[in-house]
Amino acid sequence: MKLYPKQKYRPLVTGIALGQALAFTASAALADSNTQLATVQVEGVRQADAQQPPASIQKLSGKTLEQQGVYRLEDLQQLVSGLDVATVDPYDTRLTIRGVGDGGGSEINIGMPSGVGLFLDNVYLSRPGMMSNDLLDIESADVLSGPQGTLYGFNTTGGAIDIHSRKPTFTPEGSIRQSIGQRGYTQTQAMFSGPLTENLAGRINLSHTEKGGYIKNEYTGHELGGSNQDGMRGQLLWQPADDFSLRIIADLNQSTSYPVSVLESANAINGTVPYLDRAALVGAHVVSGGYKVNTDDENEAYVRQGGISAQADWVLANGFNLRTVSSYRYFGYQPNNTDGLDIPLYAGSGADVRDRVWSQDIRLDSPRGEYFDYALGATYWGENLDTFAHDYYAPGSQTTKYYGTNANTGKEIKRWGEVNDTVFSLYAQGTWHVTDELDITGGIRDSYEKKSGSFRRVNKNDFDSGELNQYSQLPAAMLNFNYYFMPGLQGYLTVAYGEKSGGLNVSSGAAGKAGLDSLMIDPESTRGGELGLKSHWLDNRLSVDVALFWSEVRKFQTTAYDLESQSSYLINAGTMRSRGLEANLTLKPLDGLTVNFNGTLLDNKYLDFKGGKCPAEVSLAPNAPTSCDMSGERVFRSPKVTYNLTSRYEWQTYGALLAFVSGRYSYRTWSYGTVDNSEFTRVPGYGLLNLSTGLGGKYGDGNWNASLWANNVTNKRYYRTLNTGDYGSAFGVLGEPRTVGMSLGYDF
């Protein structure tokens with residue numbers, strides 16, 4: 001007989017952040033009890049995929065998100081180290097994990113997807129902006145690092161974010177929550193769930209969120225940077241028998257935001273400051289260095305999106321499980337972008353977007369076997385994406401003087417782009433239980449993609465690409481070895497390979513500089529490896545997980561810039577490498593107290609990147625080269641150190657009231673904001689401190705809760721993104737200053 005039969009202890013060590021799943025056990029217990037402190041109940045967490053081998057998965061329960069006040073995709077990086085979410089507006093949102101995922105392509109260049117897959121209820125979202133609605137009523141959010149192509153599909157070479165909403169219940173329940181804060185912040189949430197018939201249950205979520213601006217426009221007196229949005233999600237769960245269920249989810253979200261970038265710096269080039277010189281030439285008044293702008297027109301972005309999905313689950317004979325997921329989503333975006341100065345240069349500009357995505361996935365899982373179990377599946381995915389980009393330049397001498405040419409003056413420059421994409425893939429993954437201590441998991445997927453599209457520009461550097469077609473095979477494979485050393489300790493080794501979709505270079509710059517062949521961008525490939533340990537000690541009061549990781553991305557997709565047409569275009573560069581160390585520690589030294597630390601030490605460099613875009617300090621200087629060699633330099637948006645420290649203490653006070661105090665500190669070191677590693681866009685390191693405290697108790701058949709919270713307590717001035725502007729300037733999207741507020745809720 002084996003000393004440690006794995007069936008006795010495997011459930012204790014299946015997640016890299018199992019300590020987080022237990023992090024708030026005292027809360028669940030005390031919320032259901034008036035007097036007994038000794039009763040401890042583990043909060044339910046979505047069962048992980050049986051075929052997902054151990055790896056760097058940072059798991060967040062919905063309760064954790066609620067307790068930490070994390071309701072936006074961009075705020076997940078304050079709970080998950082190594083994750084970077086850069087948001088300019090709902091369309092221009094970019095994801096990287098360990099510095100891999102988005103090579104710097106502009107979202108307006110519609111031909112290149114991200115390498116980090118985003119999933120909501122088993123549906124792949126082709127663009128992060130599709131998750132711009134609030135993260136409300138969420139069951140779980142898992143962040144998976146490294147290539148995930150065998151189970152999660154194509155375009156997950158950098159990792160995946162897997163989000164699941166809570167299901168309808170056959171027991172009636174509901175919640176109402178209202179939050180208010182500084183600068184007009186208000187968030188209203190309502191959820192109701194329960195049976196409609198004996199076999200049919202429903203769930204509905206309604207939300208409204210408003211945020212006032214925090215950037216003062218000195219020209220109009222308006223406060224910019226705010227937003228408002230309304231969201232609705234409805235679900236039906238039909239369970240006519242124990243072996244079948246059908247879940248239908250429909251959602252609709254619309255939002256209006258007022259994005260704004262502030263001038264971080266106007267930099268000197270060859271002894272002059274060209275941006276300030278140009279502004280003075282046309283009589284513009286420039287402001288910089290704070291939460292202020294001076295512009296005669298203001299940005300606005302309108303988003304309307306929604307979708308429907310249907311997931312059917314069958315339990316077949318002999319314990320097999322069959323799952324099908326069908327979905328359709330729509331994303332519409334209408335911006336109004338301006339020049340940011342207090343004189344008319346251009347306005348009413350931007351790129352209108354219509355994105356329609358549909359998919360069908362079918363998967364068969366075998367029953368848990370003594371020696372072997374597996375999953376087989378097939379996926380069909382399609383997308384039709386249209387953009388109409390428009391720049392309306394003002395007539396008159398000011399436009400001519402500012403740009404030094406009349407090429408833009410009085411012109412309406414138009415650009416039309418279209419991409420049609422279809423992917424079909426087959427995959428298989430299985431686990432061989434070699435001994436009670438050793439598992440070997442292997443997976444493979446092959447995806448066939450056809451991508452077609454076109455691009456046309458008029459009124460400036462006129463260009464018509466004609467019909468473009470690209471055909472690609474996108475293989476992925478994974479091999480994992482997992483060994484249980486003892487009940488509380490396991491080690492694993494994973495090697496993986498994946499390919500990300502190619503791109504259509506819908507930009508005239510490429511054809512002008514490199515010929516028509518450059519309109520086709522090859523798929524990039526990623527090879528990854530990870531060696532890790534997962535452990536728990538002291539009766540689950542201490543969990544420690546560590547991992548060494550390495551990834552190499554070849555033919556990585558990024559952007560260059562054509563000065564002649566003033567447009568960015570896609571290129572296949574050389575090779576980049578990401579490597580480092582990750583750690584996740586959860587400590588529960590006493591009942592009601594949980595402390596979690598997760599951190600990433602990252603070394604991410606371009607091993608071979610010739611022909612890259614030169615930074616502004618080089619390209620604007622005399623005798624500037626046409627391109628720069630970036631080999632050996634750090635990859636942009638790759639801070640060397642990121643870490644998050646969270647703590648929460650709960651205790652029962654007089655009158656059976658449950659009290660808590662909570663804190664979170666998130667830190668990241670400096671990083672470059674743009675792919676050219678310009679010193680002008682070097683984002684300083686920063687740390688954010690959030691604090692909250694509150695009370696809760698029973699009222700009637702439900703539980704009430706009230707809390708006070710403060711975000712960015714130290715009022716740190718920091719940048720979400722930082723990019724180059726005209727003539728050596730640097731503009732950035734500032735994070736929100738200190739915000740104090742309160743929340744009231746009732747769960748019944």
# chains A, B, ... in the order shown; residues from 1 in each chain; ligands from 1
$ residues_around --residues "segment 721-730 of chain A" --least-positions-apart "2" --cutoff "6 Å" --atoms "only C-alpha atoms" --output "NGL selection string"
:A and (264-267 or 274-275 or 616 or 673 or 681 or 719 or 732-733)
$ residues_around --residues "segment 386-393 of chain A" --least-positions-apart "3" --cutoff "6 Å" --atoms "only C-alpha atoms" --output "number ranges by chain"
A: 345-347, 349-354, 409-418
$ write_last_selection --atoms "N, CA and C atoms" --output "mmCIF file, in the first residue's frame"
data_model
loop_
_atom_site.group_PDB
_atom_site.id
_atom_site.type_symbol
_atom_site.label_atom_id
_atom_site.label_comp_id
_atom_site.auth_asym_id
_atom_site.auth_seq_id
_atom_site.Cartn_x
_atom_site.Cartn_y
_atom_site.Cartn_z
ATOM 1 N N LEU A 345 -7.585 72.229 -34.642
ATOM 2 C CA LEU A 345 -6.730 71.509 -35.593
ATOM 3 C C LEU A 345 -7.521 70.369 -36.227
ATOM 4 N N TYR A 346 -8.046 69.481 -35.395
ATOM 5 C CA TYR A 346 -8.960 68.455 -35.907
ATOM 6 C C TYR A 346 -9.935 68.105 -34.800
ATOM 7 N N ALA A 347 -11.069 67.576 -35.191
ATOM 8 C CA ALA A 347 -12.113 67.171 -34.242
ATOM 9 C C ALA A 347 -13.025 66.173 -34.948
ATOM 10 N N SER A 349 -12.949 63.082 -34.855
ATOM 11 C CA SER A 349 -12.120 62.046 -35.457
ATOM 12 C C SER A 349 -12.190 60.756 -34.644
ATOM 13 N N GLY A 350 -11.575 59.714 -35.190
ATOM 14 C CA GLY A 350 -11.571 58.422 -34.513
ATOM 15 C C GLY A 350 -11.899 57.312 -35.479
ATOM 16 N N ALA A 351 -12.248 56.156 -34.934
ATOM 17 C CA ALA A 351 -12.572 54.994 -35.752
ATOM 18 C C ALA A 351 -13.853 54.358 -35.242
ATOM 19 N N ASP A 352 -14.923 54.465 -36.031
ATOM 20 C CA ASP A 352 -16.163 53.769 -35.706
ATOM 21 C C ASP A 352 -15.964 52.279 -35.966
ATOM 22 N N VAL A 353 -16.506 51.453 -35.065
ATOM 23 C CA VAL A 353 -16.248 50.016 -35.127
ATOM 24 C C VAL A 353 -17.552 49.237 -35.011
ATOM 25 N N ARG A 354 -17.684 48.211 -35.839
ATOM 26 C CA ARG A 354 -18.738 47.211 -35.684
ATOM 27 C C ARG A 354 -18.061 45.844 -35.681
ATOM 28 N N THR A 409 -4.585 70.451 -44.217
ATOM 29 C CA THR A 409 -5.460 71.606 -44.028
ATOM 30 C C THR A 409 -6.787 71.444 -44.762
ATOM 31 N N GLY A 410 -7.880 71.528 -43.968
ATOM 32 C CA GLY A 410 -9.218 71.471 -44.536
ATOM 33 C C GLY A 410 -9.622 70.119 -45.083
ATOM 34 N N LYS A 411 -8.869 69.107 -44.791
ATOM 35 C CA LYS A 411 -9.138 67.795 -45.379
ATOM 36 C C LYS A 411 -9.960 66.905 -44.445
ATOM 37 N N GLU A 412 -10.700 66.040 -45.073
ATOM 38 C CA GLU A 412 -11.420 64.975 -44.371
ATOM 39 C C GLU A 412 -10.816 63.652 -44.841
ATOM 40 N N ILE A 413 -9.912 63.126 -44.032
ATOM 41 C CA ILE A 413 -9.198 61.901 -44.400
ATOM 42 C C ILE A 413 -9.997 60.704 -43.907
ATOM 43 N N LYS A 414 -10.274 59.774 -44.792
ATOM 44 C CA LYS A 414 -11.132 58.633 -44.469
ATOM 45 C C LYS A 414 -10.382 57.334 -44.720
ATOM 46 N N ARG A 415 -10.660 56.368 -43.857
ATOM 47 C CA ARG A 415 -10.036 55.048 -43.981
ATOM 48 C C ARG A 415 -11.078 53.983 -43.657
ATOM 49 N N TRP A 416 -11.218 53.018 -44.553
ATOM 50 C CA TRP A 416 -12.148 51.919 -44.343
ATOM 51 C C TRP A 416 -11.357 50.623 -44.197
ATOM 52 N N GLY A 417 -11.690 49.849 -43.193
ATOM 53 C CA GLY A 417 -11.029 48.565 -42.992
ATOM 54 C C GLY A 417 -12.037 47.476 -42.695
ATOM 55 N N GLU A 418 -11.742 46.274 -43.143
ATOM 56 C CA GLU A 418 -12.627 45.138 -42.876
ATOM 57 C C GLU A 418 -11.788 43.881 -42.699
#
$ residues_around --residues "Arg720 of chain A" --least-positions-apart "2" --cutoff "9 Å" --atoms "only C-alpha atoms" --output "list in words"
Val85, Ala86, Thr87, Val88, Val683, Tyr718, Leu722, Gly732, Val733, Leu734 and Gly735 of chain A
$ write_last_selection --atoms "C-alpha atoms" --output "CSV table (one decimal), in the first residue's frame"
chain,number,residue,atom,x,y,z
A,85,VAL,CA,-4.1,45.9,-18.3
A,86,ALA,CA,-3.6,49.1,-20.3
A,87,THR,CA,-6.8,51.0,-20.9
A,88,VAL,CA,-7.2,54.2,-22.9
A,683,VAL,CA,6.2,55.1,-16.9
A,718,TYR,CA,0.3,57.6,-11.7
A,722,LEU,CA,1.9,56.9,-21.5
A,732,GLY,CA,-0.7,59.8,-20.7
A,733,VAL,CA,-3.9,58.6,-19.1
A,734,LEU,CA,-3.7,59.4,-15.4
A,735,GLY,CA,-5.1,57.0,-12.8
$ closest_residue --among "A:Thr558, A:Ser447, A:Gln178, A:Thr156" --to "Asn705 of chain A" --atoms "only C-alpha atoms"
A:Gln178
$ residues_around --residues "Asp313 of chain A" --least-positions-apart "2" --cutoff "7 Å" --atoms "only C-alpha atoms" --output "PDB file with N, CA, C and O atoms, in the first residue's frame"
ATOM      1  N   PHE A 244     -29.120  16.352 -17.546  1.00  0.00           N
ATOM      2  CA  PHE A 244     -29.114  17.362 -18.594  1.00  0.00           C
ATOM      3  C   PHE A 244     -29.417  18.734 -18.008  1.00  0.00           C
ATOM      4  O   PHE A 244     -30.267  18.877 -17.118  1.00  0.00           O
ATOM      5  N   SER A 245     -28.719  19.760 -18.529  1.00  0.00           N
ATOM      6  CA  SER A 245     -29.020  21.136 -18.167  1.00  0.00           C
ATOM      7  C   SER A 245     -28.725  22.028 -19.354  1.00  0.00           C
ATOM      8  O   SER A 245     -27.822  21.754 -20.155  1.00  0.00           O
ATOM      9  N   LEU A 246     -29.501  23.106 -19.469  1.00  0.00           N
ATOM     10  CA  LEU A 246     -29.323  24.098 -20.517  1.00  0.00           C
ATOM     11  C   LEU A 246     -29.318  25.475 -19.869  1.00  0.00           C
ATOM     12  O   LEU A 246     -30.263  25.845 -19.174  1.00  0.00           O
ATOM     13  N   GLN A 311     -25.338  27.162 -23.245  1.00  0.00           N
ATOM     14  CA  GLN A 311     -24.472  26.043 -22.876  1.00  0.00           C
ATOM     15  C   GLN A 311     -25.336  24.872 -22.439  1.00  0.00           C
ATOM     16  O   GLN A 311     -26.152  24.998 -21.514  1.00  0.00           O
ATOM     17  N   VAL A 315     -24.906  14.380 -19.129  1.00  0.00           N
ATOM     18  CA  VAL A 315     -24.190  13.274 -18.499  1.00  0.00           C
ATOM     19  C   VAL A 315     -24.602  12.023 -19.253  1.00  0.00           C
ATOM     20  O   VAL A 315     -25.767  11.592 -19.183  1.00  0.00           O
ATOM     21  N   LEU A 322     -20.841  15.550 -21.991  1.00  0.00           N
ATOM     22  CA  LEU A 322     -20.818  16.255 -23.262  1.00  0.00           C
ATOM     23  C   LEU A 322     -21.283  17.688 -23.027  1.00  0.00           C
ATOM     24  O   LEU A 322     -22.330  17.923 -22.421  1.00  0.00           O
ATOM     25  N   ARG A 323     -20.478  18.660 -23.509  1.00  0.00           N
ATOM     26  CA  ARG A 323     -20.810  20.072 -23.350  1.00  0.00           C
ATOM     27  C   ARG A 323     -20.764  20.768 -24.695  1.00  0.00           C
ATOM     28  O   ARG A 323     -19.823  20.584 -25.471  1.00  0.00           O
ATOM     29  N   THR A 324     -21.790  21.550 -24.978  1.00  0.00           N
ATOM     30  CA  THR A 324     -21.773  22.397 -26.165  1.00  0.00           C
ATOM     31  C   THR A 324     -22.017  23.839 -25.733  1.00  0.00           C
ATOM     32  O   THR A 324     -22.815  24.099 -24.829  1.00  0.00           O
TER      33      THR A 324
END
$ residues_around --residues "segment 710-715 of chain A" --least-positions-apart "2" --cutoff "9 Å" --atoms "only C-alpha atoms" --output "list in words"
Gly687, Leu688, Leu689, Asn690, Leu691, Ser692, Leu708, Arg717, Glu736, Pro737, Arg738, Thr739, Val740, Gly741 and Met742 of chain A
$ write_last_selection --atoms "N, CA and C atoms" --output "PDB file, in the first residue's frame"
ATOM      1  N   GLY A 687       2.971  52.662  -6.322  1.00  0.00           N
ATOM      2  CA  GLY A 687       2.241  51.755  -5.448  1.00  0.00           C
ATOM      3  C   GLY A 687       0.915  52.382  -5.067  1.00  0.00           C
ATOM      4  N   LEU A 688      -0.129  51.558  -4.997  1.00  0.00           N
ATOM      5  CA  LEU A 688      -1.469  52.022  -4.655  1.00  0.00           C
ATOM      6  C   LEU A 688      -1.931  51.332  -3.373  1.00  0.00           C
ATOM      7  N   LEU A 689      -2.435  52.141  -2.432  1.00  0.00           N
ATOM      8  CA  LEU A 689      -2.935  51.629  -1.162  1.00  0.00           C
ATOM      9  C   LEU A 689      -4.444  51.844  -1.100  1.00  0.00           C
ATOM     10  N   ASN A 690      -5.184  50.766  -0.876  1.00  0.00           N
ATOM     11  CA  ASN A 690      -6.631  50.819  -0.711  1.00  0.00           C
ATOM     12  C   ASN A 690      -6.991  50.263   0.663  1.00  0.00           C
ATOM     13  N   LEU A 691      -7.915  50.913   1.361  1.00  0.00           N
ATOM     14  CA  LEU A 691      -8.335  50.506   2.695  1.00  0.00           C
ATOM     15  C   LEU A 691      -9.857  50.481   2.772  1.00  0.00           C
ATOM     16  N   SER A 692     -10.391  49.618   3.619  1.00  0.00           N
ATOM     17  CA  SER A 692     -11.833  49.586   3.844  1.00  0.00           C
ATOM     18  C   SER A 692     -12.121  48.997   5.218  1.00  0.00           C
ATOM     19  N   LEU A 708     -17.053  51.544   4.677  1.00  0.00           N
ATOM     20  CA  LEU A 708     -16.367  52.756   4.254  1.00  0.00           C
ATOM     21  C   LEU A 708     -15.082  52.338   3.548  1.00  0.00           C
ATOM     22  N   ARG A 717      -0.043  60.049  -7.799  1.00  0.00           N
ATOM     23  CA  ARG A 717      -0.250  60.422  -9.196  1.00  0.00           C
ATOM     24  C   ARG A 717       0.480  59.407 -10.078  1.00  0.00           C
ATOM     25  N   GLU A 736      -6.936  57.433 -11.312  1.00  0.00           N
ATOM     26  CA  GLU A 736      -7.801  58.270 -10.486  1.00  0.00           C
ATOM     27  C   GLU A 736      -7.111  58.645  -9.177  1.00  0.00           C
ATOM     28  N   PRO A 737      -7.296  59.884  -8.739  1.00  0.00           N
ATOM     29  CA  PRO A 737      -6.742  60.297  -7.446  1.00  0.00           C
ATOM     30  C   PRO A 737      -7.518  59.651  -6.302  1.00  0.00           C
ATOM     31  N   ARG A 738      -7.131  59.999  -5.090  1.00  0.00           N
ATOM     32  CA  ARG A 738      -7.776  59.419  -3.910  1.00  0.00           C
ATOM     33  C   ARG A 738      -9.296  59.578  -3.998  1.00  0.00           C
ATOM     34  N   THR A 739      -9.999  58.474  -3.717  1.00  0.00           N
ATOM     35  CA  THR A 739     -11.454  58.472  -3.746  1.00  0.00           C
ATOM     36  C   THR A 739     -11.966  57.801  -2.484  1.00  0.00           C
ATOM     37  N   VAL A 740     -12.806  58.498  -1.740  1.00  0.00           N
ATOM     38  CA  VAL A 740     -13.396  57.988  -0.503  1.00  0.00           C
ATOM     39  C   VAL A 740     -14.888  57.802  -0.731  1.00  0.00           C
ATOM     40  N   GLY A 741     -15.427  56.693  -0.232  1.00  0.00           N
ATOM     41  CA  GLY A 741     -16.841  56.435  -0.420  1.00  0.00           C
ATOM     42  C   GLY A 741     -17.382  55.451   0.576  1.00  0.00           C
ATOM     43  N   MET A 742     -18.642  55.088   0.390  1.00  0.00           N
ATOM     44  CA  MET A 742     -19.301  54.123   1.258  1.00  0.00           C
ATOM     45  C   MET A 742     -20.227  53.255   0.435  1.00  0.00           C
TER      46      MET A 742
END
$ select_by_dssp --residues "segment 398-588 of chain A" --states "strand (DSSP E or B)" --output "MDAnalysis selection string"
chainID A and resid 412:433 438:458 463:464 468:486 489:500 503:504 520:521 524:537 542:554 557:562 567:572 575:587
$ residues_around --residues "Val80 of chain A" --least-positions-apart "5" --cutoff "9 Å" --atoms "only C-alpha atoms" --output "JSON list (two decimals) with N, CA and C atoms, in the first residue's frame"
[["chain", "number", "residue", "atom", "x", "y", "z"],
["A", 58, "GLN", "N", -3.67, 31.93, -11.01],
["A", 58, "GLN", "CA", -4.06, 32.74, -9.86],
["A", 58, "GLN", "C", -5.58, 32.84, -9.87],
["A", 59, "LYS", "N", -6.19, 32.20, -8.86],
["A", 59, "LYS", "CA", -7.64, 32.05, -8.80],
["A", 59, "LYS", "C", -8.23, 33.10, -7.87],
["A", 60, "LEU", "N", -9.27, 33.75, -8.34],
["A", 60, "LEU", "CA", -9.98, 34.74, -7.55],
["A", 60, "LEU", "C", -11.45, 34.37, -7.52],
["A", 143, "VAL", "N", -6.66, 33.67, -13.73],
["A", 143, "VAL", "CA", -5.65, 34.20, -14.63],
["A", 143, "VAL", "C", -4.60, 33.12, -14.84],
["A", 598, "ASN", "N", 1.27, 37.98, -3.55],
["A", 598, "ASN", "CA", 1.69, 37.38, -4.81],
["A", 598, "ASN", "C", 2.60, 38.36, -5.53],
["A", 599, "GLY", "N", 3.67, 37.85, -6.09],
["A", 599, "GLY", "CA", 4.65, 38.72, -6.73],
["A", 599, "GLY", "C", 5.29, 38.05, -7.93],
["A", 642, "THR", "N", 6.45, 43.24, -9.89],
["A", 642, "THR", "CA", 5.09, 43.59, -9.51],
["A", 642, "THR", "C", 4.70, 42.71, -8.34],
["A", 643, "TYR", "N", 4.01, 43.30, -7.37],
["A", 643, "TYR", "CA", 3.51, 42.48, -6.28],
["A", 643, "TYR", "C", 2.26, 43.11, -5.69],
["A", 644, "ASN", "N", 1.46, 42.26, -5.05],
["A", 644, "ASN", "CA", 0.22, 42.68, -4.40],
["A", 644, "ASN", "C", 0.17, 42.05, -3.01]]
$ atom_distance --atom1 "atom CA of Gly580 of chain A" --atom2 "atom CA of Leu602 of chain A"
4.6 Å
$ closest_residue --among "A:Thr272, A:Thr400, A:Ala310, A:Asp89" --to "Asn336 of chain A" --atoms "only C-alpha atoms"
A:Asp89
$ residues_around --residues "Gln239 of chain A" --least-positions-apart "2" --cutoff "9 Å" --atoms "only C-alpha atoms" --output "number ranges by chain"
A: 198-201, 237, 241-247
